[in-house]
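Structure data (compact mmCIF, N, CA and C atoms) from run07.txt:
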```txt
# COMPACT_ATOMS: atom_id res chain seq x y z
N MET E 1 -33.99 41.23 7.84
CA MET E 1 -34.04 39.79 7.84
C MET E 1 -35.26 39.31 8.63
N ILE E 2 -36.02 38.42 8.01
CA ILE E 2 -37.19 37.86 8.66
C ILE E 2 -36.74 36.78 9.64
N LYS E 3 -37.31 36.81 10.83
CA LYS E 3 -37.04 35.81 11.87
C LYS E 3 -38.35 35.09 12.20
N TRP E 4 -38.27 34.04 13.00
CA TRP E 4 -39.45 33.25 13.35
C TRP E 4 -40.52 34.11 14.02
N ALA E 5 -40.11 35.06 14.87
CA ALA E 5 -41.09 35.95 15.52
C ALA E 5 -41.88 36.75 14.49
N ASP E 6 -41.21 37.16 13.40
CA ASP E 6 -41.90 37.88 12.32
C ASP E 6 -42.91 36.97 11.62
N VAL E 7 -42.50 35.72 11.38
CA VAL E 7 -43.39 34.75 10.73
C VAL E 7 -44.66 34.57 11.56
N ILE E 8 -44.50 34.40 12.86
CA ILE E 8 -45.66 34.22 13.75
C ILE E 8 -46.52 35.48 13.75
N HIS E 9 -45.89 36.66 13.78
CA HIS E 9 -46.64 37.92 13.73
C HIS E 9 -47.46 38.00 12.44
N PHE E 10 -46.83 37.74 11.28
CA PHE E 10 -47.55 37.81 10.00
C PHE E 10 -48.69 36.79 9.97
N THR E 11 -48.43 35.59 10.48
CA THR E 11 -49.45 34.53 10.49
C THR E 11 -50.66 34.94 11.31
N ASN E 12 -50.41 35.56 12.45
CA ASN E 12 -51.51 35.92 13.36
C ASN E 12 -52.14 37.27 13.08
N LYS E 13 -51.38 38.23 12.56
CA LYS E 13 -51.86 39.61 12.41
C LYS E 13 -52.07 40.05 10.97
N GLY E 14 -51.60 39.25 10.01
CA GLY E 14 -51.76 39.63 8.60
C GLY E 14 -50.43 39.86 7.92
N ASN E 15 -50.40 39.58 6.65
CA ASN E 15 -49.19 39.68 5.85
C ASN E 15 -48.96 41.10 5.33
N PRO E 16 -47.70 41.43 5.04
CA PRO E 16 -47.44 42.73 4.40
C PRO E 16 -48.17 42.79 3.06
N ALA E 17 -48.62 43.95 2.69
CA ALA E 17 -49.33 44.11 1.41
C ALA E 17 -48.39 43.80 0.25
N PRO E 18 -48.87 43.02 -0.73
CA PRO E 18 -48.03 42.74 -1.91
C PRO E 18 -47.94 43.97 -2.80
N ASP E 19 -46.95 43.97 -3.69
CA ASP E 19 -46.77 45.08 -4.63
C ASP E 19 -47.91 45.14 -5.64
N LYS E 20 -48.51 43.99 -5.94
CA LYS E 20 -49.63 43.91 -6.89
C LYS E 20 -50.41 42.65 -6.56
N ARG E 21 -51.52 42.42 -7.24
CA ARG E 21 -52.31 41.20 -7.09
C ARG E 21 -52.53 40.58 -8.46
N VAL E 22 -52.51 39.26 -8.53
CA VAL E 22 -52.87 38.52 -9.73
C VAL E 22 -53.95 37.54 -9.33
N GLU E 23 -55.10 37.63 -9.98
CA GLU E 23 -56.20 36.73 -9.68
C GLU E 23 -56.74 36.15 -10.99
N LYS E 24 -56.94 34.84 -10.98
CA LYS E 24 -57.48 34.13 -12.13
C LYS E 24 -58.52 33.14 -11.64
N THR E 25 -59.38 32.72 -12.55
CA THR E 25 -60.35 31.68 -12.20
C THR E 25 -59.65 30.33 -12.20
N GLU E 26 -60.30 29.35 -11.62
CA GLU E 26 -59.75 27.99 -11.64
C GLU E 26 -59.51 27.52 -13.07
N ALA E 27 -60.43 27.81 -13.96
CA ALA E 27 -60.28 27.42 -15.36
C ALA E 27 -59.07 28.09 -16.00
N GLU E 28 -58.85 29.35 -15.68
CA GLU E 28 -57.68 30.04 -16.23
C GLU E 28 -56.38 29.43 -15.71
N TRP E 29 -56.32 29.09 -14.41
CA TRP E 29 -55.12 28.45 -13.87
C TRP E 29 -54.89 27.10 -14.55
N LYS E 30 -55.96 26.34 -14.78
CA LYS E 30 -55.83 25.02 -15.40
C LYS E 30 -55.30 25.12 -16.84
N GLN E 31 -55.55 26.24 -17.49
CA GLN E 31 -55.06 26.44 -18.86
C GLN E 31 -53.55 26.69 -18.89
N ILE E 32 -52.99 27.27 -17.85
CA ILE E 32 -51.57 27.63 -17.89
C ILE E 32 -50.66 26.70 -17.08
N LEU E 33 -51.25 25.83 -16.26
CA LEU E 33 -50.48 24.93 -15.41
C LEU E 33 -50.68 23.48 -15.83
N THR E 34 -49.65 22.65 -15.61
CA THR E 34 -49.83 21.21 -15.81
C THR E 34 -50.74 20.70 -14.69
N PRO E 35 -51.32 19.51 -14.85
CA PRO E 35 -52.14 18.97 -13.76
C PRO E 35 -51.37 18.87 -12.43
N GLU E 36 -50.10 18.48 -12.48
CA GLU E 36 -49.30 18.38 -11.25
C GLU E 36 -49.06 19.75 -10.63
N GLU E 37 -48.74 20.73 -11.47
CA GLU E 37 -48.53 22.10 -10.97
C GLU E 37 -49.81 22.65 -10.36
N PHE E 38 -50.95 22.39 -11.00
CA PHE E 38 -52.23 22.86 -10.48
C PHE E 38 -52.51 22.21 -9.12
N GLN E 39 -52.27 20.92 -9.01
CA GLN E 39 -52.51 20.20 -7.75
C GLN E 39 -51.70 20.82 -6.61
N VAL E 40 -50.43 21.12 -6.86
CA VAL E 40 -49.57 21.67 -5.81
C VAL E 40 -49.90 23.14 -5.53
N THR E 41 -49.96 23.95 -6.57
CA THR E 41 -50.05 25.40 -6.37
C THR E 41 -51.46 25.90 -6.04
N ARG E 42 -52.47 25.30 -6.62
CA ARG E 42 -53.82 25.81 -6.43
C ARG E 42 -54.63 24.99 -5.42
N LEU E 43 -54.26 23.69 -5.26
CA LEU E 43 -55.02 22.82 -4.36
C LEU E 43 -54.22 22.44 -3.11
N LYS E 44 -53.08 23.11 -2.90
CA LYS E 44 -52.24 22.93 -1.71
C LYS E 44 -51.69 21.52 -1.58
N GLY E 45 -51.35 20.94 -2.72
CA GLY E 45 -50.75 19.62 -2.71
C GLY E 45 -49.27 19.68 -2.35
N THR E 46 -48.66 18.51 -2.29
CA THR E 46 -47.23 18.41 -2.02
C THR E 46 -46.64 17.40 -2.99
N GLU E 47 -45.56 17.78 -3.63
CA GLU E 47 -44.88 16.83 -4.50
C GLU E 47 -44.11 15.82 -3.64
N ARG E 48 -43.81 14.68 -4.20
CA ARG E 48 -43.05 13.65 -3.52
C ARG E 48 -41.65 14.18 -3.20
N SER E 49 -41.14 13.89 -2.01
CA SER E 49 -39.80 14.34 -1.65
C SER E 49 -38.77 13.71 -2.59
N PHE E 50 -37.72 14.46 -2.85
CA PHE E 50 -36.63 14.04 -3.74
C PHE E 50 -37.09 13.76 -5.16
N SER E 51 -38.22 14.34 -5.58
CA SER E 51 -38.74 14.11 -6.92
C SER E 51 -38.23 15.13 -7.94
N SER E 52 -37.50 16.14 -7.49
CA SER E 52 -37.01 17.18 -8.39
C SER E 52 -35.51 17.36 -8.23
N GLU E 53 -34.84 17.52 -9.36
CA GLU E 53 -33.41 17.80 -9.31
C GLU E 53 -33.13 19.23 -8.82
N MET E 54 -34.18 20.04 -8.68
CA MET E 54 -34.00 21.41 -8.20
C MET E 54 -33.38 21.44 -6.80
N CYS E 55 -33.59 20.38 -6.03
CA CYS E 55 -33.02 20.33 -4.67
C CYS E 55 -31.50 20.45 -4.69
N SER E 56 -30.86 19.88 -5.70
CA SER E 56 -29.40 19.84 -5.73
C SER E 56 -28.79 20.89 -6.66
N LEU E 57 -29.58 21.82 -7.15
CA LEU E 57 -29.06 22.89 -8.00
C LEU E 57 -28.77 24.12 -7.15
N PHE E 58 -27.53 24.60 -7.20
CA PHE E 58 -27.14 25.73 -6.36
C PHE E 58 -26.46 26.85 -7.13
N GLU E 59 -26.59 26.90 -8.45
CA GLU E 59 -25.98 28.00 -9.19
C GLU E 59 -26.77 29.29 -8.99
N PRO E 60 -26.12 30.44 -9.20
CA PRO E 60 -26.78 31.73 -8.98
C PRO E 60 -28.05 31.89 -9.83
N GLY E 61 -28.96 32.64 -9.31
CA GLY E 61 -30.20 32.92 -10.01
C GLY E 61 -31.31 33.27 -9.04
N ILE E 62 -32.47 33.50 -9.60
CA ILE E 62 -33.65 33.87 -8.82
C ILE E 62 -34.74 32.85 -9.13
N TYR E 63 -35.53 32.53 -8.12
CA TYR E 63 -36.67 31.64 -8.29
C TYR E 63 -37.93 32.49 -8.24
N GLU E 64 -38.81 32.25 -9.23
CA GLU E 64 -40.06 32.99 -9.31
C GLU E 64 -41.24 32.05 -9.13
N CYS E 65 -42.39 32.62 -8.85
CA CYS E 65 -43.64 31.87 -8.72
C CYS E 65 -44.01 31.27 -10.07
N LYS E 66 -44.29 29.99 -10.09
CA LYS E 66 -44.69 29.29 -11.31
C LYS E 66 -45.98 29.88 -11.88
N CYS E 67 -46.85 30.37 -11.02
CA CYS E 67 -48.16 30.85 -11.47
C CYS E 67 -48.13 32.28 -12.02
N CYS E 68 -47.44 33.19 -11.33
CA CYS E 68 -47.55 34.60 -11.72
C CYS E 68 -46.22 35.28 -12.03
N GLY E 69 -45.11 34.60 -11.85
CA GLY E 69 -43.81 35.18 -12.18
C GLY E 69 -43.24 36.13 -11.13
N THR E 70 -43.86 36.23 -9.97
CA THR E 70 -43.32 37.08 -8.91
C THR E 70 -42.01 36.51 -8.41
N LEU E 71 -41.01 37.37 -8.25
CA LEU E 71 -39.72 36.92 -7.73
C LEU E 71 -39.88 36.58 -6.26
N LEU E 72 -39.44 35.38 -5.87
CA LEU E 72 -39.66 34.88 -4.52
C LEU E 72 -38.38 34.64 -3.73
N PHE E 73 -37.42 33.91 -4.32
CA PHE E 73 -36.22 33.51 -3.58
C PHE E 73 -34.97 33.68 -4.43
N ASP E 74 -33.87 34.07 -3.78
CA ASP E 74 -32.57 34.17 -4.43
C ASP E 74 -31.80 32.89 -4.14
N ALA E 75 -31.10 32.36 -5.13
CA ALA E 75 -30.33 31.13 -4.95
C ALA E 75 -29.27 31.28 -3.87
N SER E 76 -28.84 32.50 -3.58
CA SER E 76 -27.84 32.69 -2.52
C SER E 76 -28.40 32.35 -1.14
N GLU E 77 -29.72 32.25 -1.00
CA GLU E 77 -30.37 31.90 0.26
C GLU E 77 -30.80 30.42 0.28
N LYS E 78 -30.41 29.67 -0.75
CA LYS E 78 -30.79 28.26 -0.86
C LYS E 78 -29.76 27.41 -0.12
N PHE E 79 -30.21 26.34 0.52
CA PHE E 79 -29.29 25.45 1.22
C PHE E 79 -29.79 24.01 1.15
N GLU E 80 -28.88 23.07 1.38
CA GLU E 80 -29.23 21.65 1.37
C GLU E 80 -29.77 21.28 2.74
N SER E 81 -31.07 21.01 2.80
CA SER E 81 -31.71 20.69 4.07
C SER E 81 -31.81 19.19 4.31
N GLY E 82 -31.63 18.40 3.24
CA GLY E 82 -31.76 16.96 3.36
C GLY E 82 -33.20 16.48 3.42
N THR E 83 -34.16 17.38 3.20
CA THR E 83 -35.57 17.03 3.32
C THR E 83 -36.17 16.50 2.02
N GLY E 84 -35.52 16.78 0.89
CA GLY E 84 -36.06 16.37 -0.39
C GLY E 84 -36.85 17.44 -1.11
N TRP E 85 -36.88 18.64 -0.55
CA TRP E 85 -37.51 19.79 -1.19
C TRP E 85 -36.52 20.95 -1.19
N PRO E 86 -36.58 21.83 -2.19
CA PRO E 86 -35.72 23.01 -2.16
C PRO E 86 -35.98 23.82 -0.89
N SER E 87 -34.91 24.28 -0.26
CA SER E 87 -35.03 25.02 1.00
C SER E 87 -34.27 26.33 0.92
N PHE E 88 -34.89 27.36 1.48
CA PHE E 88 -34.33 28.72 1.47
C PHE E 88 -34.40 29.30 2.88
N THR E 89 -33.56 30.29 3.14
CA THR E 89 -33.56 30.93 4.46
C THR E 89 -34.33 32.25 4.49
N GLN E 90 -34.55 32.87 3.33
CA GLN E 90 -35.22 34.17 3.24
C GLN E 90 -35.86 34.34 1.88
N PRO E 91 -36.98 35.07 1.80
CA PRO E 91 -37.51 35.47 0.49
C PRO E 91 -36.73 36.70 -0.01
N VAL E 92 -36.91 37.04 -1.28
CA VAL E 92 -36.20 38.20 -1.83
C VAL E 92 -36.69 39.52 -1.25
N LYS E 93 -37.97 39.57 -0.85
CA LYS E 93 -38.55 40.76 -0.23
C LYS E 93 -39.50 40.32 0.86
N GLU E 94 -39.65 41.15 1.87
CA GLU E 94 -40.54 40.81 2.98
C GLU E 94 -41.96 40.53 2.53
N ASN E 95 -42.43 41.25 1.51
CA ASN E 95 -43.83 41.10 1.09
C ASN E 95 -44.01 40.14 -0.09
N ALA E 96 -42.99 39.37 -0.45
CA ALA E 96 -43.11 38.42 -1.56
C ALA E 96 -43.91 37.18 -1.17
N VAL E 97 -43.81 36.80 0.10
CA VAL E 97 -44.41 35.55 0.59
C VAL E 97 -45.46 35.86 1.64
N GLY E 98 -46.55 35.09 1.61
CA GLY E 98 -47.59 35.20 2.64
C GLY E 98 -47.50 34.01 3.59
N TYR E 99 -47.95 34.21 4.82
CA TYR E 99 -47.86 33.20 5.88
C TYR E 99 -49.26 32.93 6.42
N HIS E 100 -49.61 31.64 6.54
CA HIS E 100 -50.96 31.26 6.94
C HIS E 100 -50.92 30.04 7.86
N ALA E 101 -51.72 30.06 8.91
CA ALA E 101 -51.81 28.90 9.80
C ALA E 101 -52.39 27.72 9.02
N ASP E 102 -51.76 26.58 9.15
CA ASP E 102 -52.19 25.35 8.48
C ASP E 102 -52.41 24.30 9.56
N ARG E 103 -53.67 23.96 9.80
CA ARG E 103 -54.02 22.99 10.84
C ARG E 103 -54.42 21.63 10.25
N SER E 104 -54.01 21.39 9.01
CA SER E 104 -54.33 20.11 8.37
C SER E 104 -53.41 19.00 8.88
N HIS E 105 -53.79 17.79 8.63
CA HIS E 105 -52.98 16.61 8.95
C HIS E 105 -52.70 16.46 10.44
N GLY E 106 -53.58 16.99 11.30
CA GLY E 106 -53.45 16.80 12.73
C GLY E 106 -52.29 17.54 13.38
N MET E 107 -51.80 18.58 12.74
CA MET E 107 -50.69 19.37 13.32
C MET E 107 -50.88 20.83 12.96
N ILE E 108 -50.11 21.68 13.60
CA ILE E 108 -50.13 23.11 13.28
C ILE E 108 -48.80 23.46 12.63
N ARG E 109 -48.89 23.98 11.41
CA ARG E 109 -47.71 24.43 10.66
C ARG E 109 -48.02 25.81 10.10
N VAL E 110 -47.01 26.41 9.47
CA VAL E 110 -47.21 27.68 8.79
C VAL E 110 -46.99 27.45 7.29
N GLU E 111 -48.08 27.62 6.55
CA GLU E 111 -48.03 27.51 5.09
C GLU E 111 -47.46 28.81 4.53
N VAL E 112 -46.67 28.69 3.45
CA VAL E 112 -46.21 29.88 2.75
C VAL E 112 -46.81 29.87 1.35
N THR E 113 -47.25 31.04 0.93
CA THR E 113 -47.86 31.23 -0.38
C THR E 113 -47.20 32.39 -1.09
N CYS E 114 -47.37 32.45 -2.40
CA CYS E 114 -47.01 33.66 -3.13
C CYS E 114 -47.98 34.73 -2.66
N ASN E 115 -47.46 35.85 -2.23
CA ASN E 115 -48.31 36.91 -1.69
C ASN E 115 -49.05 37.68 -2.79
N VAL E 116 -48.69 37.42 -4.05
CA VAL E 116 -49.32 38.11 -5.18
C VAL E 116 -50.50 37.32 -5.74
N CYS E 117 -50.34 35.97 -5.87
CA CYS E 117 -51.41 35.17 -6.49
C CYS E 117 -51.95 34.07 -5.58
N ASP E 118 -51.45 33.99 -4.36
CA ASP E 118 -51.89 32.98 -3.38
C ASP E 118 -51.52 31.55 -3.75
N SER E 119 -50.56 31.37 -4.64
CA SER E 119 -50.09 30.04 -4.99
C SER E 119 -49.47 29.37 -3.77
N HIS E 120 -49.84 28.12 -3.49
CA HIS E 120 -49.24 27.36 -2.40
C HIS E 120 -47.80 27.04 -2.78
N LEU E 121 -46.87 27.43 -1.90
CA LEU E 121 -45.45 27.16 -2.14
C LEU E 121 -44.95 25.99 -1.30
N GLY E 122 -45.34 25.96 -0.05
CA GLY E 122 -44.88 24.92 0.87
C GLY E 122 -45.13 25.37 2.30
N HIS E 123 -44.14 25.12 3.18
CA HIS E 123 -44.25 25.48 4.59
C HIS E 123 -42.93 26.05 5.08
N ILE E 124 -42.99 26.74 6.21
CA ILE E 124 -41.79 27.30 6.82
C ILE E 124 -41.63 26.72 8.22
N PHE E 125 -40.37 26.47 8.59
CA PHE E 125 -40.06 25.88 9.88
C PHE E 125 -38.91 26.65 10.54
N PRO E 126 -38.85 26.65 11.87
CA PRO E 126 -37.80 27.39 12.58
C PRO E 126 -36.56 26.54 12.84
N ASP E 127 -36.20 25.67 11.88
CA ASP E 127 -35.05 24.79 12.07
C ASP E 127 -33.99 24.95 10.98
N GLY E 128 -33.92 26.16 10.40
CA GLY E 128 -32.94 26.43 9.37
C GLY E 128 -31.62 26.92 9.94
N PRO E 129 -30.66 27.19 9.07
CA PRO E 129 -29.34 27.63 9.53
C PRO E 129 -29.33 29.09 9.98
N PRO E 130 -28.32 29.48 10.76
CA PRO E 130 -28.16 30.88 11.14
C PRO E 130 -27.90 31.72 9.89
N PRO E 131 -28.15 33.01 9.90
CA PRO E 131 -28.56 33.76 11.08
C PRO E 131 -30.08 33.82 11.27
N SER E 132 -30.88 33.49 10.26
CA SER E 132 -32.34 33.61 10.41
C SER E 132 -32.94 32.44 11.17
N GLY E 133 -32.35 31.26 11.03
CA GLY E 133 -32.92 30.07 11.65
C GLY E 133 -34.15 29.55 10.94
N LEU E 134 -34.44 30.07 9.73
CA LEU E 134 -35.64 29.69 9.01
C LEU E 134 -35.34 28.68 7.90
N ARG E 135 -36.33 27.81 7.64
CA ARG E 135 -36.27 26.89 6.52
C ARG E 135 -37.58 26.98 5.76
N TYR E 136 -37.54 27.68 4.62
CA TYR E 136 -38.68 27.72 3.72
C TYR E 136 -38.59 26.44 2.90
N CYS E 137 -39.46 25.49 3.17
CA CYS E 137 -39.48 24.18 2.52
C CYS E 137 -40.48 24.28 1.37
N ILE E 138 -39.97 24.35 0.13
CA ILE E 138 -40.77 24.77 -1.02
C ILE E 138 -40.91 23.66 -2.05
N ASN E 139 -42.10 23.48 -2.58
CA ASN E 139 -42.32 22.53 -3.66
C ASN E 139 -41.65 23.06 -4.93
N ALA E 140 -40.81 22.24 -5.54
CA ALA E 140 -40.15 22.66 -6.77
C ALA E 140 -41.16 22.95 -7.88
N LEU E 141 -42.29 22.24 -7.88
CA LEU E 141 -43.31 22.48 -8.90
C LEU E 141 -43.93 23.88 -8.80
N SER E 142 -43.75 24.56 -7.70
CA SER E 142 -44.32 25.90 -7.55
C SER E 142 -43.36 27.00 -8.00
N LEU E 143 -42.15 26.61 -8.44
CA LEU E 143 -41.11 27.58 -8.79
C LEU E 143 -40.63 27.43 -10.22
N ASN E 144 -40.15 28.55 -10.79
CA ASN E 144 -39.34 28.58 -12.00
C ASN E 144 -38.02 29.20 -11.63
N LYS E 145 -36.94 28.67 -12.12
CA LYS E 145 -35.61 29.26 -11.91
C LYS E 145 -35.35 30.18 -13.09
N VAL E 146 -35.01 31.43 -12.78
CA VAL E 146 -34.71 32.40 -13.83
C VAL E 146 -33.29 32.92 -13.60
N LYS E 147 -32.60 33.16 -14.67
CA LYS E 147 -31.22 33.69 -14.57
C LYS E 147 -31.29 35.18 -14.35
N GLU E 148 -30.27 35.68 -13.68
CA GLU E 148 -30.22 37.12 -13.45
C GLU E 148 -29.23 37.78 -14.35
```
Before we go any further, please render this structure as structure tokens.
Amino acid sequence: MIKWADVIHFTNKGNPAPDKRVEKTEAEWKQILTPEEFQVTRLKGTERSFSSEMCSLFEPGIYECKCCGTLLFDASEKFESGTGWPSFTQPVKENAVGYHADRSHGMIRVEVTCNVCDSHLGHIFPDGPPPSGLRYCINALSLNKVKE
């Protein structure tokens, strides 16, 4: 189980190696993503809070990266955070998500990305429920829900 100390370690010392890498040009990403998806995933944008019904969906399944299809989060780790974005307590694998210092907007946060294609997913905070205490606050536009 990943804890906040692990997040800080990965942010400062480097992320676990991904199982594979997917790299495309900006033009290639624009061909496969909608303009809104491109803005969020490739340009580190943020969708409007409460703009997706994904926040209130809690049926079983797996969430994958919108850009490369890497499995990222299990619905069993999803919870209602009240923030307006889908929230999870853990990724499916330690090396599925990358952690990066984000000093934009006059604050220090930890950005989370797909560790395979570097797609911007959202941010992580140490205010989630036990036992991990983590809240992966994820843009719904960066995810696809797939059935298992």
Residues of range 14-143 of chain E classed as strand (DSSP E or B) by DSSP on the backbone are to be reported as a ChimeraX atom specification.
/E:62-65,71-74,78-79,87-88,97-102,109-114,120-125,135-138,143
So how many Å separate CA of Gly84 in chain E and atom C of Cys117 in chain E, to one decimal?
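Taking CA of Gly84 in chain E as the start and atom C of Cys117 in chain E as the end point, the length is 24.3 Å.
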Residue neighbourhood range 74-78 of chain E, 5 Å, all atoms listed in the file, exclusion window fewer than 3 positions, as a CSV table (one decimal) with N, CA and C atoms, keeping the file's coordinate frame:
```
chain,number,residue,atom,x,y,z
E,61,GLY,N,-29.0,32.6,-9.3
E,61,GLY,CA,-30.2,32.9,-10.0
E,61,GLY,C,-31.3,33.3,-9.0
E,62,ILE,N,-32.5,33.5,-9.6
E,62,ILE,CA,-33.6,33.9,-8.8
E,62,ILE,C,-34.7,32.8,-9.1
E,63,TYR,N,-35.5,32.5,-8.1
E,63,TYR,CA,-36.7,31.6,-8.3
E,63,TYR,C,-37.9,32.5,-8.2
E,87,SER,N,-34.9,24.3,-0.3
E,87,SER,CA,-35.0,25.0,1.0
E,87,SER,C,-34.3,26.3,0.9
E,88,PHE,N,-34.9,27.4,1.5
E,88,PHE,CA,-34.3,28.7,1.5
E,88,PHE,C,-34.4,29.3,2.9
E,89,THR,N,-33.6,30.3,3.1
E,89,THR,CA,-33.6,30.9,4.5
E,89,THR,C,-34.3,32.2,4.5
E,92,VAL,N,-36.9,37.0,-1.3
E,92,VAL,CA,-36.2,38.2,-1.8
E,92,VAL,C,-36.7,39.5,-1.2
```
Hey, can I get the axis-aligned box for range 93-96 of chain E? All listed atoms, 4 Å padding on each side, centre and edge lengths in Å to one decimal, as JSON.
```
{"center_x": -41.0, "center_y": 39.2, "center_z": 0.7, "size_x": 14.0, "size_y": 12.1, "size_z": 12.5}
```
Could you check how far atom C of Arg135 in chain E sits from atom C of Arg42 in chain E, in Å to one decimal?
20.5 Å
Among the residues E:Asn115, E:Thr70, E:Thr46, E:Ser51, the one that comes closest to Arg21 in chain E [using all atoms listed in the file]:
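Counting all atoms listed in the file, the residue closest to Arg21 in chain E is E:Asn115.
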Which parts of range 25-56 of chain E does DSSP call helix (DSSP H, G or I) when run on the backbone here, written out as a CSV table (one decimal) with N, CA and C atoms, in the coordinates of the input?
```
chain,number,residue,atom,x,y,z
E,26,GLU,N,-60.3,29.4,-11.6
E,26,GLU,CA,-59.8,28.0,-11.6
E,26,GLU,C,-59.5,27.5,-13.1
E,27,ALA,N,-60.4,27.8,-14.0
E,27,ALA,CA,-60.3,27.4,-15.4
E,27,ALA,C,-59.1,28.1,-16.0
E,28,GLU,N,-58.8,29.4,-15.7
E,28,GLU,CA,-57.7,30.0,-16.2
E,28,GLU,C,-56.4,29.4,-15.7
E,29,TRP,N,-56.3,29.1,-14.4
E,29,TRP,CA,-55.1,28.4,-13.9
E,29,TRP,C,-54.9,27.1,-14.6
E,30,LYS,N,-56.0,26.3,-14.8
E,30,LYS,CA,-55.8,25.0,-15.4
E,30,LYS,C,-55.3,25.1,-16.8
E,31,GLN,N,-55.6,26.2,-17.5
E,31,GLN,CA,-55.1,26.4,-18.9
E,31,GLN,C,-53.6,26.7,-18.9
E,32,ILE,N,-53.0,27.3,-17.8
E,32,ILE,CA,-51.6,27.6,-17.9
E,32,ILE,C,-50.7,26.7,-17.1
E,35,PRO,N,-51.3,19.5,-14.8
E,35,PRO,CA,-52.1,19.0,-13.8
E,35,PRO,C,-51.4,18.9,-12.4
E,36,GLU,N,-50.1,18.5,-12.5
E,36,GLU,CA,-49.3,18.4,-11.2
E,36,GLU,C,-49.1,19.8,-10.6
E,37,GLU,N,-48.7,20.7,-11.5
E,37,GLU,CA,-48.5,22.1,-11.0
E,37,GLU,C,-49.8,22.6,-10.4
E,38,PHE,N,-51.0,22.4,-11.0
E,38,PHE,CA,-52.2,22.9,-10.5
E,38,PHE,C,-52.5,22.2,-9.1
E,39,GLN,N,-52.3,20.9,-9.0
E,39,GLN,CA,-52.5,20.2,-7.8
E,39,GLN,C,-51.7,20.8,-6.6
E,40,VAL,N,-50.4,21.1,-6.9
E,40,VAL,CA,-49.6,21.7,-5.8
E,40,VAL,C,-49.9,23.1,-5.5
E,41,THR,N,-50.0,24.0,-6.6
E,41,THR,CA,-50.0,25.4,-6.4
E,41,THR,C,-51.5,25.9,-6.0
E,53,GLU,N,-34.8,17.5,-9.4
E,53,GLU,CA,-33.4,17.8,-9.3
E,53,GLU,C,-33.1,19.2,-8.8
E,54,MET,N,-34.2,20.0,-8.7
E,54,MET,CA,-34.0,21.4,-8.2
E,54,MET,C,-33.4,21.4,-6.8
E,55,CYS,N,-33.6,20.4,-6.0
E,55,CYS,CA,-33.0,20.3,-4.7
E,55,CYS,C,-31.5,20.4,-4.7
E,56,SER,N,-30.9,19.9,-5.7
E,56,SER,CA,-29.4,19.8,-5.7
E,56,SER,C,-28.8,20.9,-6.7
```
Pairwise distance for atom N of Val22 in chain E and atom N of Asp118 in chain E, rounded to one decimal in Å
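Atom-to-atom, atom N of Val22 in chain E and atom N of Asp118 in chain E are spaced 6.8 Å apart.
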So, counting only N, CA and C atoms, which residue among E:Ile138, E:Ser56, E:His9, E:Lys66 is closest to Ile32 in chain E?
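Under the stated criterion, the closest residue is E:Lys66.
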For range 93-100 of chain E, please output as number ranges by chain all residues within 5 Å (counting only N, CA and C atoms; exclusion window: fewer than 3 positions along the same chain).
E: 11, 110-115
Using only N, CA and C atoms: which of E:Ala27, E:Ala101, E:Leu72, E:Leu121 has the shortest distance to Asn12 in chain E
E:Ala101
Leu43 in chain E: which residues within 8 Å, counting all atoms listed in the file, same-chain residues fewer than 5 positions away excluded, as number ranges by chain?
E: 37-38, 119-120
With only C-alpha atoms as the basis for distance, which of E:Leu57, E:Ile108, E:Cys67, E:Ile2 is at the shortest distance from Glu80 in chain E?
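Looking at the shortest contact to Glu80 in chain E, the residue is E:Leu57.
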Identify, on the basis of only N, CA and C atoms, every residue whose closest approach to Gly133 in chain E does not exceed 7 Å; exclude the query and any residue fewer than 6 positions from it along the same chain; express the result as a list in words.
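Residues meeting the cut-off are Lys3, Trp4, Thr89, Phe125, Pro126 and Asp127 of chain E.
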Rank nothing, just name the residue among E:Phe50, E:Pro16, E:Cys65, E:His105 nearest to Gly82 in chain E, using all atoms listed in the file.
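Looking only at the distances to Gly82 in chain E, the closest residue turns out to be E:Phe50.
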